[in-house]
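Structure file run_5.txt with compact mmCIF, C-alpha atoms and all ligand atoms:
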```txt
# COMPACT_ATOMS: atom_id res chain seq x y z
CA MET A 1 -58.82 68.23 139.91
CA ALA A 2 -58.31 66.62 143.26
CA LEU A 3 -55.69 64.17 144.45
CA LEU A 4 -57.18 61.31 146.46
CA VAL A 5 -55.46 58.59 148.46
CA GLN A 6 -57.82 55.65 148.96
CA LYS A 7 -56.97 52.76 151.24
CA TYR A 8 -58.82 49.44 151.10
CA GLY A 9 -58.57 47.02 154.03
CA GLY A 10 -58.30 43.25 154.08
CA THR A 11 -62.00 42.43 153.84
CA SER A 12 -62.40 44.89 150.96
CA VAL A 13 -59.77 43.03 148.90
CA GLY A 14 -60.54 39.58 150.34
CA SER A 15 -61.50 37.86 147.06
CA PRO A 16 -61.16 38.37 143.29
CA GLU A 17 -64.77 39.63 143.20
CA ARG A 18 -64.05 42.21 145.85
CA ILE A 19 -60.88 43.31 144.09
CA ASN A 20 -63.05 43.85 141.02
CA THR A 21 -65.43 45.95 143.09
CA VAL A 22 -62.50 48.06 144.31
CA ALA A 23 -61.26 48.45 140.73
CA LYS A 24 -64.67 49.77 139.69
CA ARG A 25 -64.76 52.24 142.56
CA VAL A 26 -61.24 53.48 141.82
CA ALA A 27 -62.09 53.79 138.13
CA ARG A 28 -65.19 55.83 138.98
CA SER A 29 -63.21 58.22 141.19
CA ARG A 30 -60.64 58.62 138.42
CA ALA A 31 -63.32 59.14 135.76
CA ALA A 32 -64.71 61.91 137.97
CA GLY A 33 -61.43 63.72 137.34
CA ASN A 34 -59.31 62.79 140.35
CA ASP A 35 -55.69 61.74 140.52
CA MET A 36 -55.71 58.41 142.32
CA VAL A 37 -53.26 56.76 144.69
CA VAL A 38 -54.53 53.49 146.15
CA VAL A 39 -53.05 51.78 149.20
CA LEU A 40 -53.99 48.16 149.85
CA SER A 41 -53.90 45.66 152.68
CA ALA A 42 -53.35 41.95 152.22
CA MET A 43 -56.45 39.80 151.72
CA SER A 44 -58.22 39.30 155.05
CA GLY A 45 -56.67 36.43 157.00
CA GLU A 46 -53.53 36.43 154.89
CA THR A 47 -51.22 38.17 157.37
CA ASP A 48 -52.33 35.73 160.10
CA ARG A 49 -51.81 32.83 157.72
CA LEU A 50 -48.28 33.99 156.95
CA ILE A 51 -47.45 34.43 160.64
CA ASN A 52 -48.60 30.87 161.32
CA LEU A 53 -46.66 29.62 158.33
CA ALA A 54 -43.52 31.27 159.70
CA ARG A 55 -44.07 29.78 163.15
CA SER A 56 -44.56 26.32 161.70
CA VAL A 57 -41.01 26.54 160.38
CA ASN A 58 -39.48 28.42 163.29
CA PRO A 59 -41.48 29.07 166.47
CA GLU A 60 -39.52 32.29 166.94
CA PRO A 61 -38.93 33.57 163.42
CA PRO A 62 -36.21 36.21 163.08
CA ALA A 63 -37.95 39.59 162.84
CA ARG A 64 -36.19 40.54 159.62
CA GLU A 65 -37.26 37.38 157.82
CA LEU A 66 -40.80 37.60 159.17
CA ASP A 67 -41.09 41.04 157.57
CA VAL A 68 -39.85 39.68 154.23
CA LEU A 69 -42.60 37.08 154.42
CA LEU A 70 -45.42 39.34 155.66
CA ALA A 71 -44.75 41.93 152.97
CA THR A 72 -45.82 39.39 150.34
CA GLY A 73 -49.44 39.63 151.48
CA GLU A 74 -49.74 43.20 150.26
CA GLN A 75 -47.60 42.53 147.19
CA THR A 76 -50.24 40.06 146.03
CA THR A 77 -53.20 42.42 146.28
CA ILE A 78 -51.50 45.43 144.62
CA ALA A 79 -50.60 43.32 141.60
CA LEU A 80 -54.13 41.91 141.34
CA LEU A 81 -55.79 45.32 141.60
CA SER A 82 -53.50 46.78 138.94
CA MET A 83 -54.35 43.85 136.67
CA ALA A 84 -58.06 44.44 137.23
CA LEU A 85 -57.69 48.15 136.45
CA GLU A 86 -55.68 47.49 133.29
CA ARG A 87 -58.29 44.97 132.15
CA ASP A 88 -60.86 47.76 132.42
CA GLY A 89 -58.68 50.11 130.41
CA VAL A 90 -57.39 52.11 133.37
CA PRO A 91 -53.61 52.55 133.28
CA ALA A 92 -52.17 51.44 136.62
CA ARG A 93 -48.85 50.65 138.26
CA SER A 94 -48.29 48.75 141.48
CA TYR A 95 -45.37 49.37 143.82
CA THR A 96 -44.07 47.74 146.97
CA GLY A 97 -43.14 49.97 149.90
CA SER A 98 -39.45 49.85 149.06
CA GLN A 99 -40.09 50.71 145.41
CA VAL A 100 -41.74 54.01 146.37
CA HIS A 101 -39.15 54.56 149.08
CA ILE A 102 -41.28 54.44 152.18
CA LEU A 103 -38.26 54.90 154.39
CA THR A 104 -38.63 53.56 157.93
CA ASP A 105 -36.45 52.92 160.95
CA ASN A 106 -35.22 49.37 161.40
CA ALA A 107 -37.65 48.25 164.12
CA HIS A 108 -38.92 45.15 162.32
CA GLY A 109 -42.58 44.42 162.95
CA LYS A 110 -43.29 47.92 164.28
CA ALA A 111 -41.25 50.22 162.07
CA ARG A 112 -41.94 53.95 161.94
CA ILE A 113 -42.13 55.87 158.70
CA LEU A 114 -39.36 58.48 158.43
CA GLY A 115 -40.03 59.78 154.95
CA ILE A 116 -41.46 59.10 151.53
CA ASP A 117 -39.83 59.98 148.24
CA ASP A 118 -42.89 60.84 146.18
CA LYS A 119 -41.16 61.47 142.85
CA ARG A 120 -42.06 58.17 141.24
CA VAL A 121 -45.67 58.47 142.33
CA ARG A 122 -45.96 62.00 140.97
CA ASP A 123 -44.41 61.00 137.66
CA ASP A 124 -46.96 58.23 137.24
CA LEU A 125 -49.84 60.48 138.19
CA LYS A 126 -48.68 62.97 135.57
CA LYS A 127 -48.85 60.18 133.01
CA GLY A 128 -52.45 59.55 133.99
CA ARG A 129 -51.77 56.29 135.85
CA VAL A 130 -53.43 55.06 138.99
CA VAL A 131 -50.66 54.34 141.49
CA VAL A 132 -51.27 51.27 143.65
CA VAL A 133 -49.04 51.05 146.73
CA ALA A 134 -48.56 48.14 149.12
CA GLY A 135 -49.63 49.14 152.62
CA PHE A 136 -48.03 48.04 155.88
CA GLN A 137 -44.45 47.94 154.57
CA GLY A 138 -41.39 50.05 154.05
CA VAL A 139 -37.64 49.81 153.74
CA ASP A 140 -34.90 50.83 156.16
CA GLU A 141 -31.73 52.72 155.32
CA GLU A 142 -29.89 49.50 154.57
CA GLY A 143 -32.54 48.26 152.17
CA ASN A 144 -34.17 45.75 154.52
CA ILE A 145 -37.92 45.24 154.15
CA THR A 146 -39.80 46.39 157.26
CA THR A 147 -43.45 46.25 158.36
CA LEU A 148 -45.38 48.84 160.35
CA GLY A 149 -47.32 46.73 162.85
CA ARG A 150 -50.81 45.23 162.56
CA GLY A 151 -53.26 47.51 160.84
CA GLY A 152 -50.32 49.46 159.40
CA SER A 153 -51.81 50.02 155.95
CA ASP A 154 -53.85 52.85 157.46
CA THR A 155 -50.58 54.54 158.35
CA THR A 156 -49.14 53.99 154.88
CA ALA A 157 -52.20 55.70 153.41
CA VAL A 158 -52.12 58.69 155.73
CA ALA A 159 -48.36 59.10 155.33
CA MET A 160 -48.74 58.93 151.56
CA ALA A 161 -51.52 61.53 151.70
CA ALA A 162 -49.34 63.79 153.85
CA ALA A 163 -46.35 63.45 151.52
CA LEU A 164 -48.45 64.16 148.42
CA LYS A 165 -50.55 66.84 150.16
CA ALA A 166 -53.61 64.94 148.98
CA ASP A 167 -56.99 66.61 149.07
CA GLU A 168 -58.39 63.70 151.06
CA CYS A 169 -57.27 60.37 152.49
CA GLN A 170 -60.17 57.92 152.33
CA ILE A 171 -59.99 54.77 154.44
CA TYR A 172 -62.39 52.23 152.93
CA THR A 173 -63.26 49.39 155.29
CA ASP A 174 -66.03 46.93 156.19
CA VAL A 175 -68.01 49.43 158.30
CA ASP A 176 -69.35 52.72 156.96
CA GLY A 177 -67.47 54.94 159.38
CA VAL A 178 -66.32 55.38 162.95
CA TYR A 179 -69.03 54.28 165.37
CA THR A 180 -69.85 55.17 168.95
CA THR A 181 -68.43 51.73 169.73
CA ASP A 182 -67.61 48.54 167.84
CA PRO A 183 -70.89 47.72 166.02
CA ARG A 184 -70.02 44.03 166.33
CA ILE A 185 -70.48 44.27 170.10
CA VAL A 186 -73.30 46.81 170.25
CA PRO A 187 -75.72 46.58 167.32
CA GLU A 188 -77.27 49.92 168.39
CA ALA A 189 -73.94 51.69 167.89
CA ARG A 190 -74.26 54.78 165.73
CA ARG A 191 -72.01 56.16 163.02
CA LEU A 192 -70.42 59.50 163.87
CA ASP A 193 -70.53 62.15 161.14
CA ARG A 194 -67.46 63.74 162.64
CA VAL A 195 -64.97 62.92 165.32
CA THR A 196 -62.14 65.15 166.54
CA VAL A 197 -58.62 63.94 166.01
CA GLU A 198 -58.08 63.91 169.78
CA GLU A 199 -61.05 61.63 170.33
CA MET A 200 -59.97 59.41 167.47
CA LEU A 201 -56.50 59.14 169.02
CA GLU A 202 -58.03 57.96 172.29
CA LEU A 203 -60.46 55.59 170.56
CA ALA A 204 -57.66 54.05 168.52
CA SER A 205 -55.19 53.77 171.38
CA LEU A 206 -57.81 52.32 173.72
CA GLY A 207 -58.78 49.51 171.39
CA ALA A 208 -61.01 50.61 168.47
CA LYS A 209 -59.06 49.04 165.65
CA VAL A 210 -60.89 50.85 162.85
CA LEU A 211 -57.82 53.09 162.43
CA GLN A 212 -54.29 52.20 163.48
CA ILE A 213 -53.16 54.61 166.20
CA ARG A 214 -50.11 55.74 164.25
CA SER A 215 -52.21 56.72 161.28
CA VAL A 216 -54.19 59.06 163.53
CA GLU A 217 -50.99 60.48 165.03
CA PHE A 218 -49.71 61.12 161.51
CA ALA A 219 -52.99 62.69 160.45
CA GLY A 220 -52.92 64.99 163.48
CA LYS A 221 -49.34 66.05 162.89
CA TYR A 222 -49.86 66.95 159.23
CA LYS A 223 -53.59 67.80 159.43
CA VAL A 224 -54.38 65.29 156.72
CA PRO A 225 -58.03 65.47 155.62
CA LEU A 226 -59.10 61.97 156.69
CA ARG A 227 -62.35 60.08 156.21
CA VAL A 228 -63.44 56.53 157.05
CA LEU A 229 -65.97 54.97 154.67
CA SER A 230 -67.48 51.67 153.60
CA SER A 231 -66.14 49.90 150.53
CA PHE A 232 -69.49 48.12 150.18
CA GLU A 233 -71.96 50.98 150.19
CA GLU A 234 -72.11 54.66 149.34
CA GLY A 235 -72.23 57.19 152.14
CA PRO A 236 -70.47 60.16 153.73
CA GLY A 237 -68.58 58.05 156.30
CA THR A 238 -66.88 59.76 159.23
CA LEU A 239 -64.70 62.84 158.88
CA ILE A 240 -61.81 63.34 161.30
CA THR A 241 -61.77 67.01 162.30
CA TYR A 242 -58.99 69.22 163.63
CA GLU A 243 -61.07 71.86 165.31
CA GLU A 244 -63.44 71.36 168.13
CA ASP A 245 -66.25 73.31 169.55
CA GLU A 246 -66.31 72.28 173.16
CA MET A 247 -69.59 74.01 173.89
CA GLU A 248 -71.31 71.91 171.29
CA ALA A 249 -69.37 68.71 171.78
CA PRO A 250 -71.39 65.72 172.91
CA LEU A 251 -70.55 64.62 176.43
CA ILE A 252 -69.28 61.24 175.31
CA SER A 253 -68.36 60.42 171.72
CA GLY A 254 -67.50 56.78 171.99
CA ILE A 255 -66.60 53.71 173.99
CA ALA A 256 -63.52 51.63 173.30
CA PHE A 257 -62.39 48.36 174.81
CA ASN A 258 -59.30 46.24 174.80
CA ARG A 259 -59.14 42.51 175.43
CA ASP A 260 -55.37 42.27 175.18
CA GLU A 261 -54.73 43.19 178.78
CA ALA A 262 -53.31 41.44 181.82
CA LYS A 263 -52.87 42.64 185.38
CA LEU A 264 -49.92 41.99 187.69
CA THR A 265 -49.53 42.83 191.38
CA ILE A 266 -46.56 42.68 193.69
CA ARG A 267 -47.70 42.66 197.31
CA GLY A 268 -45.93 43.90 200.40
CA VAL A 269 -43.05 45.81 198.84
CA PRO A 270 -41.17 48.27 201.08
CA ASP A 271 -42.83 51.70 200.97
CA ARG A 272 -39.79 53.84 200.22
CA PRO A 273 -38.34 55.95 197.38
CA GLY A 274 -37.06 54.09 194.33
CA ILE A 275 -39.22 50.97 194.58
CA ALA A 276 -41.61 51.81 191.73
CA SER A 277 -38.74 52.64 189.41
CA HIS A 278 -36.90 49.47 190.43
CA ILE A 279 -39.91 47.32 189.52
CA LEU A 280 -40.69 49.10 186.25
CA GLU A 281 -37.07 49.23 185.16
CA ALA A 282 -36.88 45.46 185.23
CA ILE A 283 -40.09 45.24 183.18
CA ALA A 284 -38.93 47.87 180.69
CA LYS A 285 -35.58 46.10 180.20
CA ALA A 286 -37.55 43.11 178.91
CA ASN A 287 -39.18 45.43 176.36
CA ILE A 288 -42.60 45.08 177.98
CA ASN A 289 -44.87 48.10 177.77
CA VAL A 290 -46.78 49.00 180.89
CA ASP A 291 -50.18 50.63 180.64
CA MET A 292 -52.04 51.49 183.86
CA ILE A 293 -50.15 51.74 187.14
CA VAL A 294 -51.64 51.82 190.62
CA GLN A 295 -49.85 51.95 193.94
CA ASN A 296 -51.77 51.58 197.18
CA VAL A 297 -51.43 53.87 200.15
CA GLY A 298 -48.75 52.32 202.31
CA ALA A 299 -49.47 50.68 205.65
CA ASP A 300 -46.96 49.17 208.13
CA GLY A 301 -44.12 50.38 205.91
CA THR A 302 -45.18 48.28 202.93
CA THR A 303 -47.46 48.75 199.94
CA ASP A 304 -48.94 46.90 196.92
CA PHE A 305 -48.00 47.81 193.37
CA THR A 306 -50.20 46.87 190.40
CA PHE A 307 -49.86 47.46 186.67
CA THR A 308 -51.34 46.21 183.42
CA ALA A 309 -49.44 45.02 180.36
CA HIS A 310 -50.19 43.35 177.06
CA ARG A 311 -51.61 39.87 177.54
CA ALA A 312 -48.98 38.40 175.24
CA ASP A 313 -46.32 39.60 177.72
CA TYR A 314 -48.10 38.23 180.79
CA LYS A 315 -45.97 35.14 181.45
CA LYS A 316 -42.71 36.96 180.82
CA ALA A 317 -43.77 39.83 183.08
CA MET A 318 -44.82 37.43 185.87
CA ASP A 319 -41.42 35.73 185.76
CA ILE A 320 -39.60 39.05 186.01
CA LEU A 321 -41.85 40.23 188.82
CA ARG A 322 -41.15 37.09 190.84
CA LEU A 323 -37.44 37.77 190.53
CA VAL A 324 -37.93 41.38 191.61
CA ALA A 325 -40.14 40.24 194.50
CA GLY A 326 -37.27 38.07 195.73
CA GLN A 327 -34.83 40.98 195.58
CA LEU A 328 -37.23 43.30 197.42
CA LYS A 329 -38.35 40.67 199.92
CA ALA A 330 -41.93 41.35 198.88
CA LYS A 331 -44.76 39.21 200.20
CA GLU A 332 -46.11 37.73 196.96
CA VAL A 333 -46.81 38.19 193.26
CA VAL A 334 -50.29 37.67 191.85
CA GLY A 335 -51.72 38.22 188.39
CA ASP A 336 -54.76 37.88 186.19
CA ASP A 337 -54.83 37.65 182.41
CA LYS A 338 -58.61 37.46 182.15
CA ILE A 339 -59.23 41.16 182.39
CA VAL A 340 -60.28 43.83 179.89
CA LYS A 341 -60.18 47.59 179.74
CA ILE A 342 -63.28 49.62 178.91
CA SER A 343 -62.96 53.35 178.21
CA VAL A 344 -65.42 56.18 177.63
CA ILE A 345 -64.10 59.03 175.53
CA GLY A 346 -65.29 62.55 174.79
CA VAL A 347 -63.90 66.07 174.58
CA GLY A 348 -67.15 67.18 176.25
CA MET A 349 -65.74 65.70 179.47
CA ARG A 350 -63.55 68.75 179.88
CA SER A 351 -66.49 70.99 180.56
CA HIS A 352 -68.78 68.57 182.39
CA ALA A 353 -68.56 66.97 185.80
CA GLY A 354 -70.18 63.73 186.84
CA ILE A 355 -69.14 61.49 183.96
CA ALA A 356 -67.02 59.24 186.17
CA SER A 357 -69.73 58.77 188.75
CA ARG A 358 -72.28 57.95 186.07
CA MET A 359 -69.89 55.44 184.55
CA PHE A 360 -69.14 53.75 187.88
CA GLN A 361 -72.80 53.69 188.92
CA THR A 362 -73.79 52.08 185.60
CA LEU A 363 -71.25 49.32 186.08
CA ALA A 364 -72.28 48.84 189.71
CA ASP A 365 -75.93 48.48 188.68
CA GLU A 366 -74.87 45.57 186.47
CA GLY A 367 -72.90 44.01 189.33
CA ILE A 368 -69.60 44.65 187.57
CA ASN A 369 -66.68 45.20 189.90
CA ILE A 370 -64.10 47.81 188.90
CA GLN A 371 -60.55 46.62 189.52
CA MET A 372 -58.56 49.63 188.34
CA ILE A 373 -59.33 53.14 187.13
CA SER A 374 -57.36 55.65 185.12
CA THR A 375 -58.36 58.99 183.68
CA SER A 376 -57.13 61.70 181.38
CA GLU A 377 -58.71 64.96 180.33
CA ILE A 378 -60.98 63.33 177.77
CA LYS A 379 -61.26 59.69 178.82
CA ILE A 380 -61.99 57.38 181.74
CA SER A 381 -60.80 53.78 181.64
CA VAL A 382 -61.66 50.91 183.95
CA VAL A 383 -60.33 47.38 184.22
CA VAL A 384 -62.97 44.70 184.77
CA GLU A 385 -63.26 40.93 184.54
CA GLU A 386 -63.21 39.72 180.93
CA LYS A 387 -66.61 38.04 181.16
CA TYR A 388 -68.25 41.43 181.73
CA LEU A 389 -66.91 43.05 178.56
CA GLU A 390 -70.05 42.92 176.40
CA LEU A 391 -72.40 43.64 179.29
CA GLY A 392 -70.33 46.60 180.45
CA VAL A 393 -69.94 48.17 177.01
CA ARG A 394 -73.65 47.80 176.23
CA ALA A 395 -74.72 49.20 179.58
CA LEU A 396 -72.44 52.22 179.21
CA HIS A 397 -73.48 52.79 175.61
CA SER A 398 -77.07 53.02 176.72
CA ALA A 399 -76.37 54.98 179.94
CA PHE A 400 -74.70 57.73 177.93
CA GLY A 401 -77.47 57.72 175.32
CA LEU A 402 -75.06 56.97 172.49
CA GLU A 403 -77.59 55.08 170.39
CA LYS A 404 -79.54 58.30 169.91
CA ALA A 405 -78.20 60.98 167.61
CA ALA A 406 -76.74 63.50 170.03
CA PRO A 407 -78.37 66.86 169.26
CA ASN A 408 -74.99 68.51 169.46
CA ASN A 409 -73.60 66.17 166.82
CA ALA A 410 -76.10 67.44 164.29
CA GLN A 411 -75.04 71.02 165.01
CA ARG A 412 -71.42 70.07 164.67
CA GLY A 413 -72.11 68.55 161.26
P1 LIG B 501 -59.65 46.82 157.65
O1 LIG B 501 -59.33 45.40 157.34
O2 LIG B 501 -60.49 47.48 156.60
O3 LIG B 501 -58.44 47.62 158.00
P2 LIG B 501 -60.28 46.54 160.47
O4 LIG B 501 -60.79 45.20 160.83
O5 LIG B 501 -58.87 46.84 160.76
O6 LIG B 501 -60.61 46.79 158.91
O7 LIG B 501 -61.18 47.68 161.15
C1 LIG B 501 -62.57 47.70 160.97
C2 LIG B 501 -63.25 47.04 162.15
O8 LIG B 501 -63.03 47.81 163.31
C3 LIG B 501 -64.76 46.96 162.04
O9 LIG B 501 -65.18 45.80 161.36
C4 LIG B 501 -65.22 46.97 163.51
O10 LIG B 501 -65.58 45.69 163.96
C5 LIG B 501 -63.99 47.41 164.28
N1 LIG B 501 -64.27 48.55 165.17
C6 LIG B 501 -63.91 48.63 166.47
N2 LIG B 501 -64.32 49.76 167.02
C7 LIG B 501 -64.95 50.47 166.06
C8 LIG B 501 -65.61 51.74 166.02
N3 LIG B 501 -65.66 52.54 167.09
N4 LIG B 501 -66.15 52.14 164.84
C9 LIG B 501 -66.08 51.37 163.75
N5 LIG B 501 -65.49 50.14 163.73
C10 LIG B 501 -64.93 49.69 164.87
N1 LIG B 502 -52.15 43.22 156.49
C1 LIG B 502 -51.74 43.89 157.70
C2 LIG B 502 -52.53 43.34 158.88
O1 LIG B 502 -53.34 42.43 158.73
C3 LIG B 502 -51.85 45.37 157.62
C4 LIG B 502 -53.25 45.93 157.40
O2 LIG B 502 -54.15 45.21 157.00
O3 LIG B 502 -53.42 47.13 157.64
O4 LIG B 502 -52.34 43.78 159.98
MG MG B 503 -57.32 47.79 159.77
```
Reformat the file's structure so that it appears as structure tokens.
Ligand code: ADP
Ligand code: ASP
Ligand code: MG
Amino acid sequence: MALLVQKYGGTSVGSPERINTVAKRVARSRAAGNDMVVVLSAMSGETDRLINLARSVNPEPPARELDVLLATGEQTTIALLSMALERDGVPARSYTGSQVHILTDNAHGKARILGIDDKRVRDDLKKGRVVVVAGFQGVDEEGNITTLGRGGSDTTAVAMAAALKADECQIYTDVDGVYTTDPRIVPEARRLDRVTVEEMLELASLGAKVLQIRSVEFAGKYKVPLRVLSSFEEGPGTLITYEEDEMEAPLISGIAFNRDEAKLTIRGVPDRPGIASHILEAIAKANINVDMIVQNVGADGTTDFTFTAHRADYKKAMDILRLVAGQLKAKEVVGDDKIVKISVIGVGMRSHAGIASRMFQTLADEGINIQMISTSEIKISVVVEEKYLELGVRALHSAFGLEKAAPNNAQRG
């Protein structure tokens, strides 16, 4: 008898009919002899609707109250699924995050899970019940409702699977696995049978929203058997793996992109120790996360300093930078919030040269100018003008032959 944690995303529970479909699938898995814990998202669009509702009352809703409101989205779907299961004769119990003690820190809107008290869940499983848990939410030490950030139900599911030592954590979504890139942008994108946890971490952190980054971090830490599958069709999905065979790894596994970027430059700052930290300290104090950083080679005792940040922080960051520019007697501050980041990812990069040049040449052939570059051991990212996003991703997908089943992938399967 296996213990399965299944998570269903917003589209998969987006209507009463779809909730019925989920109930049937859960019932089938249970009838096959598995203990079942189900984690649900809110109905698709619901979290956005609630955010807008909050803003219509208070343009800057207090974070604590926003979490109280957002948590209702998931509370709705868990109750409905349990009702559907009971109707079909399957004993079920729904629980909010606080009821099953998903303990988090108190960072409202982006809380981290600190622990789960699994006693209640285990008791129910022993009684033959399906346990249905609200994703995306937890409770802090003082009993305040918290939420885990957008896409956080993935993390609830993986954390639950880790706490229960589940045999598999199955993320059911509206695509049938992890693809070489977002299939909505590149129709030729191909489902991966397997992807290493390291690659998945890069894909998720560089923009592929199919799994929330924290869920992958959690999975890596506790080696949770994790699979992404479609809630609409049968299939093997994509397995996240914890061992890699570099010799057999495909050169490039996937391409990720992120539209939420903005670029800021401060020109003509003095080229001396302490300047970079001075600039970034001011930005960090405003709680703005910086992504890529580039500093030019100095000339005439001055230099230019450029970084990217989340697009939502663009205006705030520009204001701060103008202040800093005044203090440093810099020449000027310029920025652009119409940029995107495109990244190619693959553990095979470690053992192969020439990936960067092929990437840059491909973009050049399409007339796409590269504004910034950053690399790590298994990824190369570039910043380009927003209007080139689709063209760039498609060109790279084809240049690296990702639409064809990589021979090595078959061997790895
Ligand atoms: P859910 O509501 O089930 O959590 P999400 O919308 O959060 O679903 O994630 C699934 C979506 O992620 C897909 O519909 C797809 O458009 C997008 N996506 C982006 N990159 C990838 C990728 N590499 N593989 C699969 N899906 C991807
Ligand atoms: N409902 C939340 C969101 O839309 C969490 C999730 O779906 O994973 O972000
Ligand atoms: Mg999601």
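With all atoms listed in the file as the atoms that count, the residue of A:Tyr95, A:Phe360, A:Tyr172, A:Phe257 with the shortest distance to ligand LIG 502 (chain B) is A:Tyr172.
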Restrict the calculation to all atoms listed in the file, then for each residue of chain A with any atom at most 9 Å from an atom of ligand MG 503 (chain B) give the closest atom pair and their distance in Å to one decimal, rows by chain and rising residue number, as CSV.
```
residue,atom,partner,partner_atom,distance
A:Tyr8,CA,B:MG503,MG,9.0
A:Gly9,CA,B:MG503,MG,5.9
A:Gly10,CA,B:MG503,MG,7.3
A:Ser41,CA,B:MG503,MG,8.2
A:Arg150,CA,B:MG503,MG,7.5
A:Gly151,CA,B:MG503,MG,4.2
A:Gly152,CA,B:MG503,MG,7.2
A:Ser153,CA,B:MG503,MG,7.1
A:Asp154,CA,B:MG503,MG,6.6
A:Thr173,CA,B:MG503,MG,7.6
A:Lys209,CA,B:MG503,MG,6.3
A:Val210,CA,B:MG503,MG,5.6
A:Leu211,CA,B:MG503,MG,6.0
A:Gln212,CA,B:MG503,MG,6.5
```
Write the residues of the preceding selection, restricted to C-alpha atoms, as an mmCIF file, in the frame of the given file.
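Result file follows (part21.cif):
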```
data_model
loop_
_atom_site.group_PDB
_atom_site.id
_atom_site.type_symbol
_atom_site.label_atom_id
_atom_site.label_comp_id
_atom_site.auth_asym_id
_atom_site.auth_seq_id
_atom_site.Cartn_x
_atom_site.Cartn_y
_atom_site.Cartn_z
ATOM 1 C CA TYR A 8 -58.820 49.440 151.100
ATOM 2 C CA GLY A 9 -58.570 47.020 154.030
ATOM 3 C CA GLY A 10 -58.300 43.250 154.080
ATOM 4 C CA SER A 41 -53.900 45.660 152.680
ATOM 5 C CA ARG A 150 -50.810 45.230 162.560
ATOM 6 C CA GLY A 151 -53.260 47.510 160.840
ATOM 7 C CA GLY A 152 -50.320 49.460 159.400
ATOM 8 C CA SER A 153 -51.810 50.020 155.950
ATOM 9 C CA ASP A 154 -53.850 52.850 157.460
ATOM 10 C CA THR A 173 -63.260 49.390 155.290
ATOM 11 C CA LYS A 209 -59.060 49.040 165.650
ATOM 12 C CA VAL A 210 -60.890 50.850 162.850
ATOM 13 C CA LEU A 211 -57.820 53.090 162.430
ATOM 14 C CA GLN A 212 -54.290 52.200 163.480
#
```
Residue among A:Ala27, A:Val344, A:Ala157, A:Ile355 lying closest to ligand LIG 502 (chain B), counting only C-alpha atoms and all ligand atoms:
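With only C-alpha atoms and all ligand atoms as the atom set, the closest residue is A:Ala157.
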Just how far from CA of Tyr388 in chain A is CA of Pro250 in chain A, in Å to one decimal?
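So the two atoms, CA of Pro250 in chain A and CA of Tyr388 in chain A, lie 26.0 Å apart.
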Within 9 Å of (-48.7, 51.2, 192.7), all atoms listed in the file: residues as a list in words?
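Within the cut-off we find Thr265, Ile266, Ala276, Ile293, Val294, Gln295, Asn296, Val297, Thr303, Asp304, Phe305, Thr306 and Phe307 of chain A.
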Edge lengths and centre in Å to one decimal, as lines of an AutoDock Vina configuration file, of the axis-aligned box that encloses all listed atoms of range 334-348 of chain A with 5 Å added on every side?
```
center_x = -58.7
center_y = 52.3
center_z = 183.2
size_x = 26.9
size_y = 39.7
size_z = 27.3
```
Atom pair CA of Pro225 in chain A + CA of Asn20 in chain A, distance 26.6 Å
Could I get range 113-127 of chain A from the block written out with C-alpha atoms, as an mmCIF file, in the first residue's frame?
```cif
data_model
loop_
_atom_site.group_PDB
_atom_site.id
_atom_site.type_symbol
_atom_site.label_atom_id
_atom_site.label_comp_id
_atom_site.auth_asym_id
_atom_site.auth_seq_id
_atom_site.Cartn_x
_atom_site.Cartn_y
_atom_site.Cartn_z
ATOM 1 C CA ILE A 113 6.982 26.466 5.935
ATOM 2 C CA LEU A 114 8.796 25.599 9.176
ATOM 3 C CA GLY A 115 7.054 22.361 10.040
ATOM 4 C CA ILE A 116 3.953 20.237 9.714
ATOM 5 C CA ASP A 117 2.272 18.338 12.519
ATOM 6 C CA ASP A 118 1.066 15.293 10.622
ATOM 7 C CA LYS A 119 -0.802 13.573 13.461
ATOM 8 C CA ARG A 120 -4.287 14.570 12.381
ATOM 9 C CA VAL A 121 -3.607 13.551 8.794
ATOM 10 C CA ARG A 122 -2.256 10.166 9.844
ATOM 11 C CA ASP A 123 -5.223 9.529 12.123
ATOM 12 C CA ASP A 124 -7.625 10.192 9.265
ATOM 13 C CA LEU A 125 -5.668 8.020 6.866
ATOM 14 C CA LYS A 126 -5.815 5.198 9.407
ATOM 15 C CA LYS A 127 -9.583 5.563 9.428
#
```
